[in-house]
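Structure data follow from structure-v7.cif (mmCIF, C-alpha atoms):
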```
data_work
loop_
_atom_site.group_PDB
_atom_site.id
_atom_site.type_symbol
_atom_site.label_atom_id
_atom_site.label_comp_id
_atom_site.auth_asym_id
_atom_site.auth_seq_id
_atom_site.Cartn_x
_atom_site.Cartn_y
_atom_site.Cartn_z
ATOM 1 C CA MET A 221 -136.038 -16.410 9.615
ATOM 2 C CA LYS A 222 -133.186 -18.888 9.718
ATOM 3 C CA LYS A 223 -129.662 -17.757 10.589
ATOM 4 C CA ASN A 224 -126.468 -19.383 9.317
ATOM 5 C CA ILE A 225 -124.491 -20.897 12.169
ATOM 6 C CA LYS A 226 -120.852 -21.955 12.295
ATOM 7 C CA THR A 227 -121.162 -25.709 12.486
ATOM 8 C CA LYS A 228 -121.371 -28.639 10.152
ATOM 9 C CA SER A 229 -121.983 -31.291 12.824
ATOM 10 C CA ALA A 230 -125.694 -30.617 12.938
ATOM 11 C CA ILE A 231 -127.413 -33.973 13.229
ATOM 12 C CA PHE A 232 -129.021 -34.431 16.616
ATOM 13 C CA PRO A 233 -129.399 -36.560 18.584
ATOM 14 C CA MET A 234 -126.306 -38.687 18.193
ATOM 15 C CA PRO A 235 -126.287 -41.909 20.197
ATOM 16 C CA VAL A 236 -123.641 -42.274 22.888
ATOM 17 C CA LEU A 237 -122.191 -45.671 22.118
ATOM 18 C CA MET A 238 -119.707 -47.596 24.243
ATOM 19 C CA ILE A 239 -117.488 -49.769 22.049
ATOM 20 C CA ALA A 240 -115.832 -52.587 24.025
ATOM 21 C CA THR A 241 -113.017 -54.918 23.003
ATOM 22 C CA TYR A 242 -110.345 -57.034 24.608
ATOM 23 C CA ASN A 243 -106.745 -55.828 24.704
ATOM 24 C CA ASP A 244 -103.894 -58.238 23.923
ATOM 25 C CA ASP A 245 -103.515 -59.028 27.645
ATOM 26 C CA GLY A 246 -107.231 -59.838 28.019
ATOM 27 C CA SER A 247 -108.127 -56.615 29.837
ATOM 28 C CA VAL A 248 -111.186 -54.685 28.661
ATOM 29 C CA ASN A 249 -110.910 -51.555 26.534
ATOM 30 C CA VAL A 250 -113.918 -49.246 26.158
ATOM 31 C CA MET A 251 -114.305 -46.113 24.062
ATOM 32 C CA ASN A 252 -117.093 -43.572 23.665
ATOM 33 C CA ALA A 253 -118.237 -43.085 20.068
ATOM 34 C CA ALA A 254 -121.012 -40.743 18.991
ATOM 35 C CA TRP A 255 -120.511 -41.357 15.291
ATOM 36 C CA GLY A 256 -122.367 -44.629 14.798
ATOM 37 C CA MET A 257 -125.522 -45.860 13.093
ATOM 38 C CA MET A 258 -127.440 -48.825 11.759
ATOM 39 C CA ILE A 259 -126.922 -49.390 8.036
ATOM 40 C CA GLU A 260 -128.999 -52.571 7.749
ATOM 41 C CA MET A 261 -131.353 -54.376 10.149
ATOM 42 C CA ASP A 262 -128.410 -56.337 11.592
ATOM 43 C CA THR A 263 -125.424 -54.219 10.572
ATOM 44 C CA ILE A 264 -123.793 -51.311 12.381
ATOM 45 C CA ALA A 265 -121.263 -48.743 11.157
ATOM 46 C CA LEU A 266 -118.949 -46.819 13.485
ATOM 47 C CA ASN A 267 -116.925 -43.869 12.211
ATOM 48 C CA LEU A 268 -113.620 -44.617 13.953
ATOM 49 C CA THR A 269 -110.070 -44.045 12.784
ATOM 50 C CA GLU A 270 -107.553 -46.854 12.504
ATOM 51 C CA THR A 271 -105.292 -45.238 15.095
ATOM 52 C CA HIS A 272 -107.781 -45.970 17.909
ATOM 53 C CA LYS A 273 -106.698 -48.807 20.211
ATOM 54 C CA THR A 274 -110.281 -50.050 19.924
ATOM 55 C CA VAL A 275 -110.039 -50.435 16.133
ATOM 56 C CA GLN A 276 -106.732 -52.273 16.464
ATOM 57 C CA ASN A 277 -108.381 -54.639 18.980
ATOM 58 C CA ILE A 278 -111.425 -55.141 16.736
ATOM 59 C CA LYS A 279 -109.214 -56.158 13.825
ATOM 60 C CA LYS A 280 -107.236 -58.615 15.977
ATOM 61 C CA ARG A 281 -110.256 -60.227 17.683
ATOM 62 C CA CYS A 282 -112.750 -59.821 14.800
ATOM 63 C CA ALA A 283 -115.370 -58.817 17.343
ATOM 64 C CA PHE A 284 -116.681 -55.982 19.514
ATOM 65 C CA THR A 285 -119.708 -54.998 21.542
ATOM 66 C CA VAL A 286 -121.716 -51.790 21.434
ATOM 67 C CA SER A 287 -123.581 -50.651 24.531
ATOM 68 C CA ILE A 288 -125.908 -47.682 24.661
ATOM 69 C CA ALA A 289 -124.855 -45.340 27.450
ATOM 70 C CA ASP A 290 -127.432 -44.317 30.029
ATOM 71 C CA ALA A 291 -127.907 -41.301 32.297
ATOM 72 C CA ALA A 292 -126.937 -43.292 35.380
ATOM 73 C CA HIS A 293 -123.426 -43.706 33.932
ATOM 74 C CA VAL A 294 -122.828 -40.403 32.125
ATOM 75 C CA VAL A 295 -119.559 -39.734 34.019
ATOM 76 C CA GLU A 296 -118.151 -43.149 33.152
ATOM 77 C CA ALA A 297 -119.341 -42.876 29.551
ATOM 78 C CA ASP A 298 -117.651 -39.507 29.146
ATOM 79 C CA TYR A 299 -114.454 -40.845 30.770
ATOM 80 C CA PHE A 300 -114.313 -43.560 28.114
ATOM 81 C CA GLY A 301 -114.217 -40.753 25.543
ATOM 82 C CA VAL A 302 -111.687 -38.441 27.176
ATOM 83 C CA GLU A 303 -109.125 -41.105 28.118
ATOM 84 C CA SER A 304 -107.270 -43.256 25.606
ATOM 85 C CA GLY A 305 -106.726 -46.978 26.005
ATOM 86 C CA LYS A 306 -103.179 -46.277 24.852
ATOM 87 C CA ASN A 307 -102.597 -44.290 28.068
ATOM 88 C CA VAL A 308 -104.584 -46.306 30.631
ATOM 89 C CA ALA A 309 -104.271 -50.091 30.559
ATOM 90 C CA ASP A 310 -107.632 -50.841 32.193
ATOM 91 C CA LYS A 311 -110.097 -47.981 31.732
ATOM 92 C CA LEU A 312 -112.981 -50.219 32.824
ATOM 93 C CA ALA A 313 -111.468 -50.836 36.257
ATOM 94 C CA LYS A 314 -110.555 -47.153 36.608
ATOM 95 C CA ALA A 315 -114.236 -46.311 35.976
ATOM 96 C CA GLY A 316 -115.352 -48.858 38.596
ATOM 97 C CA MET A 317 -117.292 -50.952 36.083
ATOM 98 C CA THR A 318 -117.292 -54.673 35.294
ATOM 99 C CA ALA A 319 -117.682 -56.853 32.217
ATOM 100 C CA THR A 320 -118.658 -60.382 31.273
ATOM 101 C CA LYS A 321 -117.321 -62.277 28.261
ATOM 102 C CA SER A 322 -119.906 -62.526 25.491
ATOM 103 C CA GLU A 323 -121.072 -66.055 24.715
ATOM 104 C CA ASN A 324 -121.441 -65.081 21.050
ATOM 105 C CA VAL A 325 -118.334 -63.071 20.097
ATOM 106 C CA ASP A 326 -114.799 -62.574 21.404
ATOM 107 C CA ALA A 327 -115.603 -59.300 23.182
ATOM 108 C CA PRO A 328 -116.771 -58.098 26.609
ATOM 109 C CA ILE A 329 -120.275 -57.068 27.612
ATOM 110 C CA ILE A 330 -120.159 -54.107 29.986
ATOM 111 C CA ASN A 331 -122.424 -55.178 32.851
ATOM 112 C CA ASP A 332 -123.290 -51.654 33.952
ATOM 113 C CA PHE A 333 -124.902 -50.449 30.692
ATOM 114 C CA PRO A 334 -128.463 -51.770 30.218
ATOM 115 C CA ILE A 335 -128.339 -52.825 26.553
ATOM 116 C CA CYS A 336 -125.585 -54.339 24.428
ATOM 117 C CA MET A 337 -125.171 -55.397 20.800
ATOM 118 C CA GLU A 338 -122.673 -58.221 20.257
ATOM 119 C CA CYS A 339 -120.962 -57.811 16.883
ATOM 120 C CA GLU A 340 -118.729 -59.705 14.502
ATOM 121 C CA PHE A 341 -116.246 -57.549 12.596
ATOM 122 C CA VAL A 342 -117.097 -57.422 8.884
ATOM 123 C CA GLU A 343 -114.663 -54.875 7.452
ATOM 124 C CA PHE A 344 -112.843 -51.591 7.909
ATOM 125 C CA GLN A 345 -113.454 -48.865 5.355
ATOM 126 C CA SER A 346 -111.374 -45.730 4.878
ATOM 127 C CA ASN A 347 -111.760 -42.962 2.333
ATOM 128 C CA ASP A 348 -111.856 -39.179 2.019
ATOM 129 C CA TYR A 349 -115.133 -39.037 3.948
ATOM 130 C CA GLY A 350 -114.076 -40.910 7.043
ATOM 131 C CA ALA A 351 -113.210 -44.288 8.375
ATOM 132 C CA GLY A 352 -115.477 -46.979 9.523
ATOM 133 C CA VAL A 353 -115.822 -50.260 11.316
ATOM 134 C CA ILE A 354 -118.652 -52.342 9.907
ATOM 135 C CA GLY A 355 -120.065 -55.035 12.147
ATOM 136 C CA LYS A 356 -122.755 -57.696 11.971
ATOM 137 C CA ILE A 357 -124.969 -57.791 15.069
ATOM 138 C CA VAL A 358 -125.274 -61.423 16.160
ATOM 139 C CA ASN A 359 -127.095 -60.843 19.453
ATOM 140 C CA VAL A 360 -128.661 -58.089 21.521
ATOM 141 C CA CYS A 361 -128.972 -58.471 25.274
ATOM 142 C CA ALA A 362 -130.779 -56.141 27.671
ATOM 143 C CA GLU A 363 -131.419 -55.893 31.386
ATOM 144 C CA GLU A 364 -134.928 -57.040 32.264
ATOM 145 C CA SER A 365 -135.446 -53.710 34.040
ATOM 146 C CA VAL A 366 -135.533 -51.886 30.677
ATOM 147 C CA LEU A 367 -137.901 -54.312 28.962
ATOM 148 C CA THR A 368 -141.641 -54.224 28.468
ATOM 149 C CA GLU A 369 -143.000 -57.435 26.949
ATOM 150 C CA ASP A 370 -139.497 -58.497 25.793
ATOM 151 C CA LYS A 371 -138.945 -55.211 23.922
ATOM 152 C CA VAL A 372 -136.611 -52.415 24.986
ATOM 153 C CA ASP A 373 -138.682 -49.631 26.539
ATOM 154 C CA ILE A 374 -136.894 -46.389 25.698
ATOM 155 C CA ALA A 375 -138.572 -44.609 28.619
ATOM 156 C CA LYS A 376 -137.014 -47.137 31.020
ATOM 157 C CA LEU A 377 -133.625 -47.210 29.306
ATOM 158 C CA GLY A 378 -132.454 -43.730 30.290
ATOM 159 C CA ALA A 379 -130.318 -43.595 27.150
ATOM 160 C CA ILE A 380 -128.252 -40.492 26.577
ATOM 161 C CA ALA A 381 -127.638 -38.643 23.324
ATOM 162 C CA TYR A 382 -124.796 -36.317 22.404
ATOM 163 C CA ASP A 383 -125.521 -32.768 21.267
ATOM 164 C CA PRO A 384 -122.774 -31.588 18.888
ATOM 165 C CA PHE A 385 -123.998 -27.983 19.127
ATOM 166 C CA THR A 386 -123.234 -27.532 22.838
ATOM 167 C CA HIS A 387 -121.206 -30.699 23.586
ATOM 168 C CA GLY A 388 -123.891 -31.770 26.035
ATOM 169 C CA TYR A 389 -125.482 -35.077 26.917
ATOM 170 C CA TYR A 390 -129.279 -35.328 27.052
ATOM 171 C CA THR A 391 -131.608 -38.113 28.067
ATOM 172 C CA VAL A 392 -133.889 -39.699 25.518
ATOM 173 C CA GLY A 393 -137.192 -41.039 26.609
ATOM 174 C CA GLU A 394 -140.473 -39.230 26.061
ATOM 175 C CA ARG A 395 -142.629 -40.770 23.351
ATOM 176 C CA VAL A 396 -144.300 -38.123 21.220
ATOM 177 C CA GLY A 397 -145.741 -40.145 18.358
ATOM 178 C CA ASN A 398 -146.108 -43.457 16.554
ATOM 179 C CA ALA A 399 -143.811 -44.233 13.628
ATOM 180 C CA PHE A 400 -145.374 -45.515 10.413
ATOM 181 C CA SER A 401 -148.795 -44.599 11.787
ATOM 182 C CA ASP A 402 -149.306 -40.944 12.727
ATOM 183 C CA GLY A 403 -148.555 -39.697 9.214
ATOM 184 C CA LYS A 404 -151.425 -41.756 7.816
ATOM 185 C CA LYS A 405 -153.761 -39.080 9.192
ATOM 186 C CA LEU A 406 -152.674 -36.856 6.322
ATOM 187 C CA LYS A 407 -153.270 -39.456 3.589
#
```
Structure re-expressed in structure tokens:
Amino acid sequence: MKKNIKTKSAIFPMPVLMIATYNDDGSVNVMNAAWGMMIEMDTIALNLTETHKTVQNIKKRCAFTVSIADAAHVVEADYFGVESGKNVADKLAKAGMTATKSENVDAPIINDFPICMECEFVEFQSNDYGAGVIGKIVNVCAEESVLTEDKVDIAKLGAIAYDPFTHGYYTVGERVGNAFSDGKKLK
């Protein structure tokens, strides 16, 4: 029998996304965002409020990058969520990480995370149900160490997911089935 529980944030797993932008002085700002998803094959939506330094930077530069956090950098990833760019001028340096300027958009690629989506800012939406940055993915780059035949191998990635039930981070990696295939057994 199911029991009613006291939560409404019940979708799991939620990706742990690192949103990176440049500040006005050219330093790198990074924030942790669990509320993000693909809304088209090349379009991403991030539920971020306009008061975030990151959103202000995105609007000014019309660009941002989204890296998927991995288990090897869980402490740094969490730091990017618990510290505001309004309080610390260079969170990236404080975390001991480095970045490279994207060749495709006016935003930094965090070198330490294994996969990164380079995005152009499309629009900011705000309504009663939340706020959102919509971006067009113009390039995806990944470390060769997480690739198998030029495709990201989730088992090698070590990606982490956020659990809203317990506020924990969990690794993602074991393959348990084949999408668009296994269900055909019941046809």
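Near region 381-383 of chain A, within a cut-off of 8 Å and counting only C-alpha atoms, sit the residues Phe232, Pro233, Met234, Pro235, Val236, Ala254, His387, Gly388, Tyr389, Tyr390, Thr391 and Val392 of chain A, with same-chain residues fewer than 4 positions away left out.
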Based on the selection just made, write C-alpha atoms of those residues as a short mmCIF file (atom, residue, chain, number, x, y, z; two decimals), in the frame of the given file.
```
data_model
loop_
_atom_site.label_atom_id
_atom_site.label_comp_id
_atom_site.auth_asym_id
_atom_site.auth_seq_id
_atom_site.Cartn_x
_atom_site.Cartn_y
_atom_site.Cartn_z
CA PHE A 232 -129.02 -34.43 16.62
CA PRO A 233 -129.40 -36.56 18.58
CA MET A 234 -126.31 -38.69 18.19
CA PRO A 235 -126.29 -41.91 20.20
CA VAL A 236 -123.64 -42.27 22.89
CA ALA A 254 -121.01 -40.74 18.99
CA HIS A 387 -121.21 -30.70 23.59
CA GLY A 388 -123.89 -31.77 26.04
CA TYR A 389 -125.48 -35.08 26.92
CA TYR A 390 -129.28 -35.33 27.05
CA THR A 391 -131.61 -38.11 28.07
CA VAL A 392 -133.89 -39.70 25.52
#
```
Exercise: Asp244 (chain A) partners within 10 Å, all atoms listed in the file, chain neighbours under 6 positions left out, as a PyMOL selection string: chain A and resi 276-277+280-281
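Distance-wise, CA of Gly316 (chain A) and CA of Val372 (chain A) end up 25.5 Å apart.
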Test item: the PyMOL selection byres ((chain A and resi 300-308) around 12) resolved as number ranges by chain: A: 236-244, 247-254, 271-277, 289, 293-299, 309-317, 382
Quick one: apply the PyMOL selection byres ((chain A and resi 336-349) around 9) to the file and drop the selected residues here as a VMD selection string. chain A and resid 238 263 to 264 269 to 270 275 278 to 279 281 to 288 322 324 to 330 333 to 335 350 to 362
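In this model, the gap between CA of Ile380 (chain A) and CA of Gly393 (chain A) comes to 9.0 Å.
Reported to one decimal place, the separation of CA of Glu394 (chain A) from CA of Ala375 (chain A) is 6.3 Å.
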